[in-house]
Structure formats: C-alpha cells, structure tokens
Amino acid sequence: MSIEIVYETHATTADNEAGIATGWLPGALSATGRLQARELGRRRRRDDGIVAVFT
C-alpha cells in the first residue's frame, strides 16, 4: 500500500506582495493570488483520489 501526500500552499495575498506576513490577519488575495486560486480549483476539480484534506 502506498500513500501519496499532496501539499498545496495558500495563494498570494496583497500583504505577501508588500512583504508583510499575513499570519492571523484576514488577508485579501492579490490579483496573482486570485489566479493561483483559480488554477488550484482547476487542478482539484476532477476526481483525483484525494480522500482527506488537512488545513
């Protein structure tokens, strides 16, 4: 039996682009971050066998 681990980072926020670590702040996605989020949605839309998600 094998296990595949998939790691996805969060999308880029406006704070990230300004050199600020968003951390516990309610950051807003930048234009780049919105594009990254759309791409993530396309990658994970189909049945790719993921059975658990941890955040």
# chains A, B, ... in the order shown; residues from 1 in each chain; ligands from 1
>>> residues_around(residues="A:Thr32", least_positions_apart="6", cutoff="9 Å", atoms="only C-alpha atoms", output="ChimeraX atom specification")
/A:11-14
>>> select_by_dssp(residues="chain A", states="helix (DSSP H, G or I)", output="ChimeraX atom specification")
/A:14-17,31-44
>>> write_last_selection(atoms="C-alpha atoms", output="PDB file, in the first residue's frame")
ATOM      1  CA  ALA A  14      -1.723  41.659  -1.048  1.00  0.00           C
ATOM      2  CA  ASP A  15       0.148  41.679   2.283  1.00  0.00           C
ATOM      3  CA  ASN A  16       2.557  38.984   0.996  1.00  0.00           C
ATOM      4  CA  GLU A  17       3.373  41.151  -2.011  1.00  0.00           C
ATOM      5  CA  ALA A  31      -4.503  39.537  -8.464  1.00  0.00           C
ATOM      6  CA  THR A  32      -1.769  36.878  -8.535  1.00  0.00           C
ATOM      7  CA  GLY A  33      -3.436  35.079  -5.624  1.00  0.00           C
ATOM      8  CA  ARG A  34      -6.801  35.037  -7.392  1.00  0.00           C
ATOM      9  CA  LEU A  35      -5.149  33.495 -10.456  1.00  0.00           C
ATOM     10  CA  GLN A  36      -3.408  30.906  -8.234  1.00  0.00           C
ATOM     11  CA  ALA A  37      -6.737  30.046  -6.562  1.00  0.00           C
ATOM     12  CA  ARG A  38      -8.445  29.532  -9.940  1.00  0.00           C
ATOM     13  CA  GLU A  39      -5.592  27.272 -11.078  1.00  0.00           C
ATOM     14  CA  LEU A  40      -5.835  25.260  -7.849  1.00  0.00           C
ATOM     15  CA  GLY A  41      -9.571  24.840  -8.423  1.00  0.00           C
ATOM     16  CA  ARG A  42      -8.945  23.502 -11.917  1.00  0.00           C
ATOM     17  CA  ARG A  43      -6.302  21.057 -10.653  1.00  0.00           C
ATOM     18  CA  ARG A  44      -8.531  19.710  -7.889  1.00  0.00           C
TER      19      ARG A  44
END
>>> atom_distance(atom1="atom CA of A:Ser30", atom2="atom CA of A:Val6")
23.9 Å
>>> residues_around(residues="A:Ile5", least_positions_apart="4", cutoff="12 Å", atoms="only C-alpha atoms", output="ChimeraX atom specification")
/A:49-54
>>> write_last_selection(atoms="all heavy atoms", output="PDB file, in the first residue's frame")
ATOM      1  N   GLY A  49      -8.689  11.260  -6.459  1.00  0.00           N
ATOM      2  CA  GLY A  49      -8.411  10.236  -5.471  1.00  0.00           C
ATOM      3  C   GLY A  49      -8.077  10.746  -4.084  1.00  0.00           C
ATOM      4  O   GLY A  49      -7.747   9.956  -3.206  1.00  0.00           O
ATOM      5  N   ILE A  50      -8.135  12.051  -3.870  1.00  0.00           N
ATOM      6  CA  ILE A  50      -7.836  12.587  -2.530  1.00  0.00           C
ATOM      7  C   ILE A  50      -8.972  12.176  -1.586  1.00  0.00           C
ATOM      8  O   ILE A  50     -10.144  12.404  -1.868  1.00  0.00           O
ATOM      9  CB  ILE A  50      -7.659  14.112  -2.569  1.00  0.00           C
ATOM     10  CG1 ILE A  50      -6.381  14.445  -3.338  1.00  0.00           C
ATOM     11  CG2 ILE A  50      -7.649  14.699  -1.169  1.00  0.00           C
ATOM     12  CD1 ILE A  50      -6.086  15.910  -3.469  1.00  0.00           C
ATOM     13  N   VAL A  51      -8.593  11.559  -0.476  1.00  0.00           N
ATOM     14  CA  VAL A  51      -9.593  11.071   0.467  1.00  0.00           C
ATOM     15  C   VAL A  51      -9.607  11.864   1.766  1.00  0.00           C
ATOM     16  O   VAL A  51     -10.532  11.715   2.569  1.00  0.00           O
ATOM     17  CB  VAL A  51      -9.411   9.567   0.769  1.00  0.00           C
ATOM     18  CG1 VAL A  51      -9.637   8.743  -0.491  1.00  0.00           C
ATOM     19  CG2 VAL A  51      -8.053   9.289   1.357  1.00  0.00           C
ATOM     20  N   ALA A  52      -8.604  12.709   2.007  1.00  0.00           N
ATOM     21  CA  ALA A  52      -8.564  13.513   3.228  1.00  0.00           C
ATOM     22  C   ALA A  52      -7.865  14.825   2.923  1.00  0.00           C
ATOM     23  O   ALA A  52      -6.915  14.870   2.147  1.00  0.00           O
ATOM     24  CB  ALA A  52      -7.835  12.782   4.345  1.00  0.00           C
ATOM     25  N   VAL A  53      -8.349  15.887   3.563  1.00  0.00           N
ATOM     26  CA  VAL A  53      -7.733  17.206   3.419  1.00  0.00           C
ATOM     27  C   VAL A  53      -7.498  17.756   4.817  1.00  0.00           C
ATOM     28  O   VAL A  53      -8.396  17.743   5.662  1.00  0.00           O
ATOM     29  CB  VAL A  53      -8.653  18.177   2.629  1.00  0.00           C
ATOM     30  CG1 VAL A  53      -8.056  19.561   2.593  1.00  0.00           C
ATOM     31  CG2 VAL A  53      -8.907  17.643   1.225  1.00  0.00           C
ATOM     32  N   PHE A  54      -6.290  18.238   5.074  1.00  0.00           N
ATOM     33  CA  PHE A  54      -5.940  18.839   6.351  1.00  0.00           C
ATOM     34  C   PHE A  54      -5.519  20.274   6.090  1.00  0.00           C
ATOM     35  O   PHE A  54      -4.751  20.538   5.168  1.00  0.00           O
ATOM     36  CB  PHE A  54      -4.789  18.089   7.024  1.00  0.00           C
ATOM     37  CG  PHE A  54      -5.137  16.650   7.316  1.00  0.00           C
ATOM     38  CD1 PHE A  54      -4.852  15.647   6.397  1.00  0.00           C
ATOM     39  CD2 PHE A  54      -5.768  16.305   8.499  1.00  0.00           C
ATOM     40  CE1 PHE A  54      -5.164  14.323   6.654  1.00  0.00           C
ATOM     41  CE2 PHE A  54      -6.091  14.996   8.764  1.00  0.00           C
ATOM     42  CZ  PHE A  54      -5.787  13.995   7.850  1.00  0.00           C
TER      43      PHE A  54
END
>>> atom_distance(atom1="atom CA of A:Leu29", atom2="atom CA of A:Glu8")
15.7 Å
